[in-house]
>>> print(open('input_20.cif').read())   # mmCIF, C-alpha atoms
data_coords
#
loop_
_atom_site.label_atom_id
_atom_site.label_comp_id
_atom_site.auth_asym_id
_atom_site.auth_seq_id
_atom_site.Cartn_x
_atom_site.Cartn_y
_atom_site.Cartn_z
CA MET A 15 -7.57 -15.77 -19.39
CA HIS A 16 -4.72 -17.53 -17.67
CA ASP A 17 -1.63 -19.32 -18.93
CA LEU A 18 -2.80 -22.88 -18.27
CA THR A 19 0.69 -24.36 -17.81
CA PHE A 20 1.64 -21.66 -15.30
CA PHE A 21 -1.73 -22.04 -13.56
CA ARG A 22 -1.26 -25.80 -13.09
CA SER A 23 2.35 -25.47 -11.93
CA ASN A 24 1.55 -22.80 -9.35
CA PHE A 25 -1.97 -23.85 -8.37
CA GLU A 26 -1.67 -23.55 -4.58
CA ARG A 27 0.02 -20.15 -4.65
CA ILE A 28 -2.48 -18.81 -7.21
CA ALA A 29 -5.42 -20.23 -5.25
CA GLU A 30 -4.19 -18.47 -2.12
CA ARG A 31 -3.89 -15.13 -3.94
CA LEU A 32 -7.26 -15.46 -5.70
CA ALA A 33 -8.90 -16.23 -2.35
CA THR A 34 -8.24 -12.59 -1.38
CA ARG A 35 -10.61 -11.41 -4.12
CA SER A 36 -14.33 -10.89 -3.58
CA GLY A 37 -16.76 -13.56 -4.72
CA ALA A 38 -16.51 -17.35 -4.59
CA ILE A 39 -14.06 -18.94 -7.04
CA ASP A 40 -14.46 -22.69 -7.61
CA LEU A 41 -10.81 -23.60 -8.14
CA GLU A 42 -11.25 -27.14 -6.80
CA GLY A 43 -14.01 -27.72 -9.33
CA PHE A 44 -11.69 -26.37 -12.01
CA ARG A 45 -8.85 -28.69 -10.93
CA ASP A 46 -11.14 -31.73 -10.83
CA LEU A 47 -12.45 -30.93 -14.32
CA ASP A 48 -8.89 -30.37 -15.57
CA VAL A 49 -7.87 -33.83 -14.30
CA LYS A 50 -10.94 -35.39 -15.96
CA ARG A 51 -10.24 -33.54 -19.20
CA ARG A 52 -6.58 -34.53 -19.34
CA ALA A 53 -7.44 -38.17 -18.58
CA ALA A 54 -10.01 -38.21 -21.40
CA ILE A 55 -7.51 -36.64 -23.83
CA SER A 56 -4.87 -39.20 -22.86
CA GLN A 57 -7.30 -42.12 -23.22
CA SER A 58 -8.48 -40.84 -26.61
CA GLU A 59 -4.91 -40.48 -27.85
CA GLN A 60 -4.02 -44.00 -26.68
CA LEU A 61 -7.05 -45.47 -28.43
CA LYS A 62 -6.25 -43.60 -31.64
CA ALA A 63 -2.66 -44.84 -31.53
CA ARG A 64 -3.93 -48.41 -30.95
CA LYS A 65 -6.42 -48.09 -33.82
CA ASN A 66 -3.71 -46.84 -36.17
CA GLN A 67 -1.39 -49.69 -35.15
CA GLU A 68 -4.15 -52.24 -35.64
CA SER A 69 -4.95 -50.82 -39.07
CA VAL A 70 -1.30 -51.18 -40.11
CA GLU A 71 -1.25 -54.80 -38.85
CA ILE A 72 -4.51 -55.60 -40.67
CA GLY A 73 -3.09 -54.21 -43.90
CA LYS A 74 -0.01 -56.41 -43.50
CA LEU A 75 -2.12 -59.54 -42.77
CA LYS A 76 -4.35 -58.89 -45.78
CA ARG A 77 -1.33 -58.74 -48.06
CA GLU A 78 -0.29 -62.13 -46.64
CA GLY A 79 -3.75 -63.55 -47.38
CA THR A 80 -4.76 -63.94 -43.73
CA ASP A 81 -8.42 -63.58 -42.68
CA THR A 82 -8.75 -60.26 -40.73
CA THR A 83 -12.50 -60.27 -40.03
CA GLU A 84 -12.17 -60.44 -36.24
CA ARG A 85 -9.36 -57.89 -36.17
CA GLN A 86 -11.48 -55.47 -38.22
CA LYS A 87 -14.36 -55.89 -35.74
CA GLU A 88 -11.97 -54.95 -32.95
CA VAL A 89 -10.87 -51.85 -34.87
CA ARG A 90 -14.49 -50.81 -35.44
CA ALA A 91 -15.16 -51.22 -31.72
CA ILE A 92 -12.14 -49.04 -30.94
CA ALA A 93 -13.41 -46.42 -33.40
CA GLU A 94 -16.78 -46.40 -31.63
CA GLN A 95 -15.02 -45.95 -28.28
CA ILE A 96 -13.04 -43.04 -29.71
CA ALA A 97 -16.18 -41.38 -31.12
CA ALA A 98 -18.00 -41.68 -27.77
CA LEU A 99 -14.95 -40.42 -25.87
CA ASP A 100 -14.49 -37.47 -28.23
CA GLU A 101 -18.14 -36.52 -27.79
CA GLU A 102 -17.73 -36.63 -24.01
CA LEU A 103 -14.49 -34.68 -24.32
CA LYS A 104 -16.24 -31.98 -26.34
CA THR A 105 -18.67 -31.39 -23.46
CA VAL A 106 -15.89 -31.46 -20.86
CA GLU A 107 -13.78 -29.09 -22.94
CA GLN A 108 -16.64 -26.59 -23.19
CA GLN A 109 -17.20 -26.73 -19.43
CA PHE A 110 -13.46 -26.39 -18.84
CA GLN A 111 -13.10 -23.33 -21.08
CA GLU A 112 -16.11 -21.67 -19.42
CA LEU A 113 -14.61 -22.28 -15.98
CA LEU A 114 -11.18 -21.05 -17.09
CA ALA A 115 -12.67 -17.92 -18.64
CA GLY A 116 -14.53 -17.19 -15.40
CA ILE A 117 -11.43 -17.25 -13.17
CA PRO A 118 -10.38 -13.65 -12.45
CA ASN A 119 -6.87 -12.30 -12.86
CA ILE A 120 -4.24 -12.87 -10.19
CA PRO A 121 -3.64 -9.71 -8.13
CA HIS A 122 -0.10 -8.37 -8.47
CA GLU A 123 2.06 -8.87 -5.38
CA SER A 124 2.06 -5.10 -4.74
CA VAL A 125 -1.75 -4.99 -4.41
CA PRO A 126 -2.89 -4.70 -0.77
CA VAL A 127 -5.12 -7.47 0.58
CA GLY A 128 -8.57 -6.29 1.59
CA HIS A 129 -12.29 -6.97 1.40
CA SER A 130 -13.85 -3.71 0.19
CA ALA A 131 -13.25 -0.08 -0.76
CA ASP A 132 -12.61 0.62 2.92
CA ASP A 133 -9.34 -1.30 2.56
CA ASN A 134 -8.03 0.69 -0.43
CA VAL A 135 -4.78 2.54 0.22
CA GLU A 136 -4.21 6.21 -0.59
CA VAL A 137 -0.85 6.72 -2.33
CA ARG A 138 -0.90 10.49 -2.99
CA ARG A 139 -3.03 13.59 -2.85
CA SER A 140 -2.99 16.77 -4.93
CA GLY A 141 -4.56 20.11 -4.03
CA ALA A 142 -6.71 21.06 -1.09
CA PRO A 143 -10.52 21.14 -1.14
CA PRO A 144 -11.72 24.73 -1.69
CA GLN A 145 -12.99 26.74 1.27
CA PHE A 146 -16.31 28.54 0.73
CA ASP A 147 -17.85 31.39 2.71
CA PHE A 148 -21.26 29.97 1.78
CA GLU A 149 -22.87 26.52 1.72
CA PRO A 150 -21.68 24.86 -1.53
CA LYS A 151 -24.35 23.24 -3.67
CA ALA A 152 -24.34 19.90 -5.45
CA HIS A 153 -24.37 19.87 -9.26
CA TRP A 154 -27.92 18.51 -9.37
CA ASP A 155 -29.05 21.83 -7.90
CA LEU A 156 -26.49 24.11 -9.56
CA GLY A 157 -26.98 22.72 -13.08
CA PRO A 158 -30.73 23.34 -13.31
CA GLU A 159 -30.39 26.73 -11.56
CA LEU A 160 -27.80 27.78 -14.15
CA GLY A 161 -30.05 26.50 -16.95
CA ILE A 162 -27.35 24.13 -18.25
CA LEU A 163 -28.64 20.77 -17.00
CA ASP A 164 -32.14 19.35 -17.44
CA PHE A 165 -33.19 16.09 -15.81
CA ALA A 166 -36.97 16.30 -16.30
CA ARG A 167 -36.81 16.52 -20.09
CA ALA A 168 -34.18 13.75 -20.25
CA VAL A 169 -36.59 11.49 -18.35
CA LYS A 170 -39.33 12.43 -20.83
CA ILE A 171 -37.07 11.68 -23.81
CA THR A 172 -35.62 8.42 -22.52
CA GLY A 173 -35.97 7.65 -18.81
CA ALA A 174 -34.12 7.75 -15.51
CA ARG A 175 -30.34 8.07 -15.38
CA PHE A 176 -30.05 10.21 -18.49
CA ALA A 177 -29.29 13.93 -18.71
CA LEU A 178 -29.89 16.77 -21.16
CA TYR A 179 -27.23 19.49 -21.32
CA TRP A 180 -28.11 23.04 -22.47
CA GLY A 181 -26.01 25.89 -23.82
CA MET A 182 -22.84 26.38 -21.79
CA GLY A 183 -23.39 23.01 -20.14
CA ALA A 184 -23.18 21.25 -23.51
CA ARG A 185 -20.26 23.43 -24.53
CA LEU A 186 -18.39 22.60 -21.32
CA GLU A 187 -18.75 18.87 -21.96
CA ARG A 188 -17.46 19.31 -25.53
CA ALA A 189 -14.63 21.56 -24.35
CA LEU A 190 -13.51 18.95 -21.85
CA VAL A 191 -13.37 16.18 -24.46
CA ASN A 192 -11.35 18.37 -26.84
CA PHE A 193 -9.03 19.48 -24.02
CA PHE A 194 -8.41 15.88 -22.93
CA LEU A 195 -7.64 14.73 -26.48
CA ASP A 196 -5.38 17.70 -27.22
CA VAL A 197 -3.26 17.19 -24.10
CA HIS A 198 -2.97 13.43 -24.54
CA THR A 199 -2.11 13.56 -28.24
CA ARG A 200 0.05 16.70 -28.34
CA GLU A 201 1.89 16.33 -25.04
CA HIS A 202 1.50 12.79 -23.67
CA GLY A 203 2.27 10.97 -26.92
CA TYR A 204 -0.97 9.08 -27.58
CA THR A 205 -2.39 8.47 -31.05
CA GLU A 206 -6.08 9.36 -31.34
CA VAL A 207 -8.48 6.80 -32.81
CA LEU A 208 -12.24 6.97 -33.34
CA PRO A 209 -13.58 3.40 -33.03
CA PRO A 210 -17.08 1.98 -33.58
CA PHE A 211 -19.46 2.48 -30.67
CA LEU A 212 -21.02 -0.94 -31.31
CA VAL A 213 -18.98 -4.13 -30.88
CA ASN A 214 -19.52 -7.85 -31.34
CA SER A 215 -19.43 -10.56 -28.67
CA ALA A 216 -15.88 -11.59 -29.56
CA SER A 217 -14.65 -8.09 -28.69
CA LEU A 218 -16.40 -8.13 -25.30
CA TYR A 219 -15.01 -11.59 -24.60
CA GLY A 220 -11.52 -10.35 -25.45
CA THR A 221 -11.57 -7.61 -22.82
CA GLY A 222 -13.35 -9.74 -20.21
CA GLN A 223 -16.90 -8.31 -20.13
CA LEU A 224 -18.38 -11.52 -21.55
CA PRO A 225 -19.62 -13.95 -20.54
CA LYS A 226 -19.69 -12.99 -16.86
CA PHE A 227 -20.87 -9.37 -17.03
CA ALA A 228 -23.50 -9.48 -19.78
CA GLY A 229 -26.03 -8.02 -17.33
CA ASP A 230 -24.05 -4.77 -17.20
CA LEU A 231 -24.37 -4.23 -20.96
CA PHE A 232 -26.94 -3.12 -23.53
CA LYS A 233 -27.45 -5.50 -26.49
CA CYS A 234 -29.15 -4.64 -29.77
CA GLU A 235 -32.02 -7.09 -30.17
CA GLY A 236 -31.71 -9.59 -32.99
CA THR A 237 -28.02 -8.83 -33.65
CA ASP A 238 -24.57 -9.61 -32.29
CA PHE A 239 -24.02 -5.90 -31.63
CA TRP A 240 -23.57 -4.47 -28.14
CA LEU A 241 -23.29 -0.82 -27.09
CA ILE A 242 -19.81 -0.26 -25.68
CA PRO A 243 -19.45 0.19 -21.91
CA THR A 244 -16.10 1.93 -22.46
CA ALA A 245 -13.71 2.66 -25.34
CA GLU A 246 -11.41 0.06 -23.77
CA VAL A 247 -13.38 -2.60 -25.63
CA PRO A 248 -13.10 -1.46 -29.27
CA VAL A 249 -9.63 0.06 -28.85
CA THR A 250 -8.10 -3.05 -27.24
CA ASN A 251 -9.68 -5.21 -29.94
CA ILE A 252 -8.04 -3.21 -32.73
CA TYR A 253 -5.20 -5.74 -32.48
CA ARG A 254 -7.27 -8.84 -31.70
CA ASP A 255 -5.76 -11.98 -33.29
CA GLU A 256 -2.73 -10.01 -34.49
CA THR A 257 1.01 -10.30 -33.81
CA LEU A 258 2.83 -7.01 -33.35
CA GLU A 259 6.52 -6.33 -33.81
CA ALA A 260 8.43 -5.79 -30.57
CA GLU A 261 9.76 -2.48 -31.93
CA GLN A 262 6.21 -1.10 -32.09
CA LEU A 263 5.76 -1.35 -28.32
CA PRO A 264 4.59 0.41 -26.31
CA ILE A 265 1.62 1.45 -28.45
CA LYS A 266 -0.33 4.33 -26.86
CA LEU A 267 -3.86 5.05 -28.10
CA CYS A 268 -6.61 7.37 -26.89
CA ALA A 269 -10.23 7.62 -27.95
CA TYR A 270 -13.34 9.65 -27.26
CA THR A 271 -16.58 7.66 -27.15
CA PRO A 272 -19.96 7.74 -25.51
CA CYS A 273 -20.30 4.82 -23.08
CA PHE A 274 -23.42 2.83 -22.22
CA ARG A 275 -23.96 0.83 -19.04
CA SER A 276 -27.05 -0.80 -17.58
CA GLU A 277 -25.65 -0.25 -14.06
CA ALA A 278 -27.18 -3.57 -13.01
CA GLY A 279 -26.96 -4.00 -9.27
CA SER A 280 -26.06 -0.37 -8.62
CA TYR A 281 -29.54 0.90 -7.80
CA GLY A 282 -29.52 3.00 -4.67
CA ARG A 283 -26.00 4.30 -5.34
CA ASP A 284 -25.42 7.79 -6.79
CA VAL A 285 -29.05 8.02 -7.90
CA ARG A 286 -29.00 11.83 -7.92
CA GLY A 287 -27.27 13.86 -10.59
CA ILE A 288 -24.99 12.58 -13.31
CA ILE A 289 -22.41 10.56 -11.38
CA ARG A 290 -23.84 7.17 -12.43
CA GLN A 291 -25.64 7.35 -15.78
CA HIS A 292 -26.70 4.86 -18.43
CA GLN A 293 -24.94 7.07 -21.03
CA PHE A 294 -21.86 9.22 -20.51
CA GLN A 295 -18.86 10.50 -22.45
CA LYS A 296 -15.26 9.56 -21.78
CA VAL A 297 -11.74 9.74 -23.20
CA GLU A 298 -9.96 6.44 -22.72
CA LEU A 299 -6.21 5.74 -22.69
CA VAL A 300 -5.04 2.27 -23.83
CA LYS A 301 -1.51 0.85 -24.00
CA PHE A 302 -0.01 -2.34 -25.42
CA THR A 303 3.37 -3.10 -23.87
CA ARG A 304 6.01 -5.74 -23.32
CA PRO A 305 5.56 -7.57 -19.99
CA GLU A 306 8.70 -6.03 -18.49
CA GLN A 307 7.45 -2.52 -19.35
CA SER A 308 3.89 -2.79 -18.13
CA TYR A 309 4.11 -1.59 -14.54
CA GLU A 310 6.25 1.39 -15.48
CA GLU A 311 3.73 2.20 -18.21
CA LEU A 312 0.84 1.88 -15.73
CA GLU A 313 2.49 4.54 -13.56
CA LYS A 314 2.93 6.81 -16.59
CA LEU A 315 -0.67 6.34 -17.74
CA THR A 316 -1.95 7.13 -14.25
CA ALA A 317 0.24 10.25 -14.18
CA ASP A 318 -1.18 11.32 -17.57
CA ALA A 319 -4.72 11.13 -16.17
CA GLU A 320 -3.68 13.00 -13.01
CA ASP A 321 -2.07 15.71 -15.12
CA ILE A 322 -5.46 16.63 -16.58
CA LEU A 323 -6.87 17.26 -13.11
CA GLN A 324 -3.83 19.28 -12.09
CA ARG A 325 -4.20 21.52 -15.14
CA LEU A 326 -7.86 22.03 -14.30
CA GLY A 327 -6.95 22.93 -10.71
CA LEU A 328 -9.15 20.20 -9.25
CA PRO A 329 -8.23 18.57 -5.91
CA PHE A 330 -7.85 14.79 -6.08
CA ARG A 331 -6.33 11.77 -4.46
CA THR A 332 -5.05 8.51 -5.94
CA VAL A 333 -5.69 5.16 -4.25
CA VAL A 334 -4.53 1.65 -5.06
CA LEU A 335 -7.44 -0.77 -4.94
CA CYS A 336 -7.23 -3.73 -2.59
CA THR A 337 -7.70 -7.31 -3.80
CA GLY A 338 -11.36 -7.36 -2.80
CA ASP A 339 -12.28 -4.19 -4.70
CA MET A 340 -10.53 -4.77 -8.04
CA GLY A 341 -12.22 -5.59 -11.33
CA ALA A 342 -12.04 -9.25 -12.35
CA SER A 343 -9.66 -8.71 -15.28
CA SER A 344 -7.21 -6.41 -13.51
CA ALA A 345 -3.91 -7.35 -11.87
CA LYS A 346 -3.51 -3.88 -10.34
CA THR A 347 -5.72 -0.78 -10.36
CA TYR A 348 -5.33 2.83 -9.30
CA ASP A 349 -8.48 4.89 -8.81
CA ILE A 350 -8.15 8.66 -9.11
CA GLU A 351 -10.82 10.35 -7.01
CA VAL A 352 -11.75 14.02 -7.46
CA TRP A 353 -13.08 16.19 -4.62
CA LEU A 354 -16.76 17.13 -4.94
CA PRO A 355 -17.73 19.94 -2.50
CA GLY A 356 -21.47 19.44 -2.99
CA GLN A 357 -21.10 15.87 -1.74
CA ASN A 358 -18.30 16.60 0.73
CA GLY A 359 -16.16 13.72 -0.46
CA TYR A 360 -13.94 12.19 -3.12
CA LYS A 361 -15.51 10.40 -6.08
CA GLU A 362 -13.78 8.17 -8.66
CA ILE A 363 -13.08 9.96 -11.94
CA SER A 364 -10.57 7.54 -13.48
CA SER A 365 -9.65 3.90 -13.01
CA CYS A 366 -6.21 2.92 -14.37
CA SER A 367 -5.45 -0.79 -14.61
CA ASN A 368 -2.76 -3.21 -15.70
CA PHE A 369 -4.30 -6.44 -17.02
CA GLU A 370 -0.93 -8.04 -17.71
CA GLY A 371 -1.54 -10.83 -20.29
CA PHE A 372 -5.10 -11.58 -19.14
CA GLN A 373 -6.92 -9.73 -21.93
CA ALA A 374 -4.23 -10.47 -24.52
CA ARG A 375 -4.71 -14.24 -24.12
CA ARG A 376 -8.46 -13.90 -24.53
CA ALA A 377 -8.06 -11.61 -27.56
CA GLY A 378 -5.02 -13.33 -29.09
CA ILE A 379 -2.78 -10.23 -29.08
CA ARG A 380 0.90 -11.16 -29.33
CA TYR A 381 4.22 -9.52 -30.12
CA LYS A 382 7.19 -11.07 -31.86
CA THR A 383 10.74 -11.12 -30.52
CA GLY A 384 12.82 -12.87 -33.16
CA LYS A 385 11.06 -16.13 -33.97
CA LYS A 386 9.18 -16.24 -30.67
CA ALA A 387 5.70 -14.75 -30.15
CA GLU A 388 4.52 -13.78 -26.67
CA PHE A 389 1.39 -12.12 -25.31
CA VAL A 390 1.48 -8.37 -24.80
CA HIS A 391 0.37 -6.70 -21.59
CA THR A 392 -2.60 -4.33 -21.86
CA ILE A 393 -3.18 -1.23 -19.73
CA ASN A 394 -6.00 1.28 -19.78
CA GLY A 395 -7.60 4.10 -17.84
CA SER A 396 -9.95 7.04 -18.22
CA GLY A 397 -8.28 10.24 -19.23
CA LEU A 398 -10.90 11.38 -18.10
CA ALA A 399 -14.63 10.75 -17.69
CA ALA A 400 -16.11 13.96 -19.12
CA GLY A 401 -19.33 13.93 -17.09
CA ARG A 402 -17.65 13.54 -13.73
CA THR A 403 -15.08 16.20 -14.64
CA TRP A 404 -18.00 18.47 -15.59
CA VAL A 405 -19.49 17.85 -12.13
CA ALA A 406 -16.15 18.57 -10.44
CA ILE A 407 -15.76 21.90 -12.24
CA ILE A 408 -19.33 23.02 -11.54
CA GLU A 409 -19.03 22.17 -7.84
CA ASN A 410 -15.43 23.31 -7.17
CA TYR A 411 -15.64 26.57 -9.14
CA GLN A 412 -19.10 27.68 -7.96
CA GLN A 413 -19.44 31.25 -6.70
CA LYS A 414 -21.66 32.83 -4.06
CA ASP A 415 -23.83 34.53 -6.71
CA GLY A 416 -24.64 31.16 -8.33
CA SER A 417 -22.22 31.53 -11.25
CA VAL A 418 -19.35 29.15 -12.07
CA VAL A 419 -15.85 30.30 -13.02
CA ILE A 420 -14.39 28.40 -15.96
CA PRO A 421 -10.84 27.02 -15.35
CA GLU A 422 -8.28 29.04 -17.24
CA VAL A 423 -7.11 26.16 -19.45
CA LEU A 424 -10.65 25.70 -20.76
CA ARG A 425 -11.35 29.33 -21.63
CA PRO A 426 -9.90 29.11 -25.17
CA TYR A 427 -12.31 26.18 -25.79
CA MET A 428 -15.29 27.90 -24.18
CA GLY A 429 -14.87 31.50 -25.36
CA GLU A 430 -16.13 32.56 -21.91
CA GLU A 431 -14.71 33.00 -18.42
CA VAL A 432 -17.87 32.48 -16.38
CA ILE A 433 -21.07 30.44 -16.65
CA ARG A 434 -24.02 32.56 -15.53
CA PRO A 435 -27.66 31.59 -15.00
CA ARG A 436 -29.90 31.40 -18.05
CA SER A 437 -33.50 30.42 -18.59
CA LEU A 438 -34.43 26.96 -19.83
#
>>> encode(input="input_20.cif", output="structure tokens")
Amino acid sequence: MHDLTFFRSNFERIAERLATRSGAIDLEGFRDLDVKRRAAISQSEQLKARKNQESVEIGKLKREGTDTTERQKEVRAIAEQIAALDEELKTVEQQFQELLAGIPNIPHESVPVGHSADDNVEVRRSGAPPQFDFEPKAHWDLGPELGILDFARAVKITGARFALYWGMGARLERALVNFFLDVHTREHGYTEVLPPFLVNSASLYGTGQLPKFAGDLFKCEGTDFWLIPTAEVPVTNIYRDETLEAEQLPIKLCAYTPCFRSEAGSYGRDVRGIIRQHQFQKVELVKFTRPEQSYEELEKLTADAEDILQRLGLPFRTVVLCTGDMGASSAKTYDIEVWLPGQNGYKEISSCSNFEGFQARRAGIRYKTGKKAEFVHTINGSGLAAGRTWVAIIENYQQKDGSVVIPEVLRPYMGEEVIRPRSL
């Protein structure tokens, strides 16, 4: 959600910047409706002031014994005008708020202009892709061969785009979640929370998923409960409609949750394996900061996510998304992409974004400096997606004999050094 005063005062500059985003944005329709709305508000206020003045005059005339029948008719007519205008204004206001809520965030000035992922800009790279003296396999072959990943039974249990982990495969996923949480809480300074995995519509509105992206979500029939697409939603909404003290900021939270996404519109992409699933596990990092801190804190959060990959010895690169590839709520986003040998390319494993005050306005999250209350800036990113990290380990640490070496930092969590084939 935008600051309406700032939006009006800088309309042309904002319109120019928003035009670099993907998708049509009806800013002229918004401006026309804003003019209509403001005119209706002004007319209603004038009529109410006139009605009040007339009522005072009528009272004075009555005390003087003057007949006020005609004046009272005029006042009743004004009241009817006000009622009709207020009803019209209610409809206009609803349309206006829907339009305002649908306008995406303004890309930060440092975000490169572009149309698609092809225009994203690499900012750094860590580690070199491993060299194999054999043809590396993809995880969708390695997992079943090792007896740690089962697609057929997952389809039987639920359907496509679900996975069943066995034995060391399940243990590896759990080890990754525990490793992520331990590093972020013990070394990076985050406080762990365990939020609900179901949220209400107000929470999804607050972080920007509703109303525009309802098709990407799973809703529980007959309720106002939705399965979370990411821990960003419940964790950000911890402070919805609250005012924090400036001294509390920045607040740094992390949370493990399963995540549920319908993946509407993504059919045909990443259909094999567990890259794009309806259910996956993730550790999310969320920060609440002062506006002047937020871009420094975005860099730190991105570095915290990168640190996990460095400790695991996984090659990755970090790119800044162009204006045409960013999420609607974000002002700036870094994608961290891990190397996957079985697919001979980099694949996103974390997306770290600064939303500035966009989510905070929708969710009513403020902080107090003296007597003044301002909106916080919110930042979040995956630290990391467990499933995609699982894939990266299986593919990067595969051996010629079909086994997989476990990264050293995970061995205390796994109790093993190597994953060897087993029977399903």
>>> resolve_selection(input="input_20.cif", expression="the PyMOL selection byres ((chain A and resi 205) around 10)", output="number ranges by chain")
A: 195, 198-200, 202-204, 206-207, 265-269, 299-300
>>> write_last_selection(input="input_20.cif", atoms="C-alpha atoms", output="compact mmCIF listing (two decimals), in the frame of the given file")
# COMPACT_ATOMS: atom_id res chain seq x y z
CA LEU A 195 -7.64 14.73 -26.48
CA HIS A 198 -2.97 13.43 -24.54
CA THR A 199 -2.11 13.56 -28.24
CA ARG A 200 0.05 16.70 -28.34
CA HIS A 202 1.50 12.79 -23.67
CA GLY A 203 2.27 10.97 -26.92
CA TYR A 204 -0.97 9.08 -27.58
CA GLU A 206 -6.08 9.36 -31.34
CA VAL A 207 -8.48 6.80 -32.81
CA ILE A 265 1.62 1.45 -28.45
CA LYS A 266 -0.33 4.33 -26.86
CA LEU A 267 -3.86 5.05 -28.10
CA CYS A 268 -6.61 7.37 -26.89
CA ALA A 269 -10.23 7.62 -27.95
CA LEU A 299 -6.21 5.74 -22.69
CA VAL A 300 -5.04 2.27 -23.83
>>> residues_near_point(input="input_20.cif", point="(-19.1, -20.3, -18.3)", cutoff="12 Å", atoms="only C-alpha atoms", output="PyMOL selection string")
chain A and resi 40+44+106-117+219+224-228
>>> resolve_selection(input="input_20.cif", expression="the PyMOL selection byres ((chain A and resi 249-260) around 9)", output="PyMOL selection string")
chain A and resi 207-209+216-218+220-221+245-248+261-264+267-269+298+300-304+373-374+376-384+387-390+392+394
>>> closest_residue(input="input_20.cif", among="A:Arg185, A:His391, A:His292, A:Arg139", to="Ser344 of chain A", atoms="only C-alpha atoms")
A:His391
>>> resolve_selection(input="input_20.cif", expression="the PyMOL selection byres ((chain A and resi 54) around 9)", output="list in words")
Val49, Lys50, Arg51, Arg52, Ala53, Ile55, Ser56, Gln57, Ser58, Glu59, Leu99, Asp100, Glu102, Leu103 and Val106 of chain A
>>> atom_distance(input="input_20.cif", atom1="atom CA of Gly43 of chain A", atom2="atom CA of Ala342 of chain A")
18.8 Å
>>> atom_distance(input="input_20.cif", atom1="atom CA of Glu311 of chain A", atom2="atom CA of Val197 of chain A")
17.6 Å
>>> build_atoms(input="input_20.cif", residues="segment 193-204 of chain A", atoms="N, CA and C atoms", output="tab-separated table (two decimals), in the coordinates of the input")
chain	number	residue	atom	x	y	z
A	193	PHE	N	-10.21	19.21	-24.86
A	193	PHE	CA	-9.03	19.48	-24.02
A	193	PHE	C	-8.30	18.19	-23.68
A	194	PHE	N	-9.04	17.17	-23.26
A	194	PHE	CA	-8.41	15.88	-22.93
A	194	PHE	C	-7.63	15.34	-24.13
A	195	LEU	N	-8.28	15.30	-25.29
A	195	LEU	CA	-7.64	14.73	-26.48
A	195	LEU	C	-6.42	15.54	-26.90
A	196	ASP	N	-6.52	16.86	-26.83
A	196	ASP	CA	-5.38	17.70	-27.22
A	196	ASP	C	-4.18	17.46	-26.32
A	197	VAL	N	-4.39	17.40	-25.02
A	197	VAL	CA	-3.26	17.19	-24.10
A	197	VAL	C	-2.65	15.80	-24.31
A	198	HIS	N	-3.49	14.79	-24.41
A	198	HIS	CA	-2.97	13.43	-24.54
A	198	HIS	C	-2.25	13.19	-25.86
A	199	THR	N	-2.74	13.79	-26.94
A	199	THR	CA	-2.11	13.56	-28.24
A	199	THR	C	-0.91	14.49	-28.48
A	200	ARG	N	-1.01	15.74	-28.05
A	200	ARG	CA	0.05	16.70	-28.34
A	200	ARG	C	1.19	16.67	-27.33
A	201	GLU	N	0.87	16.26	-26.09
A	201	GLU	CA	1.89	16.33	-25.04
A	201	GLU	C	2.22	14.97	-24.40
A	202	HIS	N	1.25	14.07	-24.33
A	202	HIS	CA	1.50	12.79	-23.67
A	202	HIS	C	1.86	11.67	-24.64
A	203	GLY	N	1.79	11.94	-25.94
A	203	GLY	CA	2.27	10.97	-26.92
A	203	GLY	C	1.32	9.88	-27.35
A	204	TYR	N	0.02	10.08	-27.15
A	204	TYR	CA	-0.97	9.08	-27.58
A	204	TYR	C	-1.43	9.37	-29.01
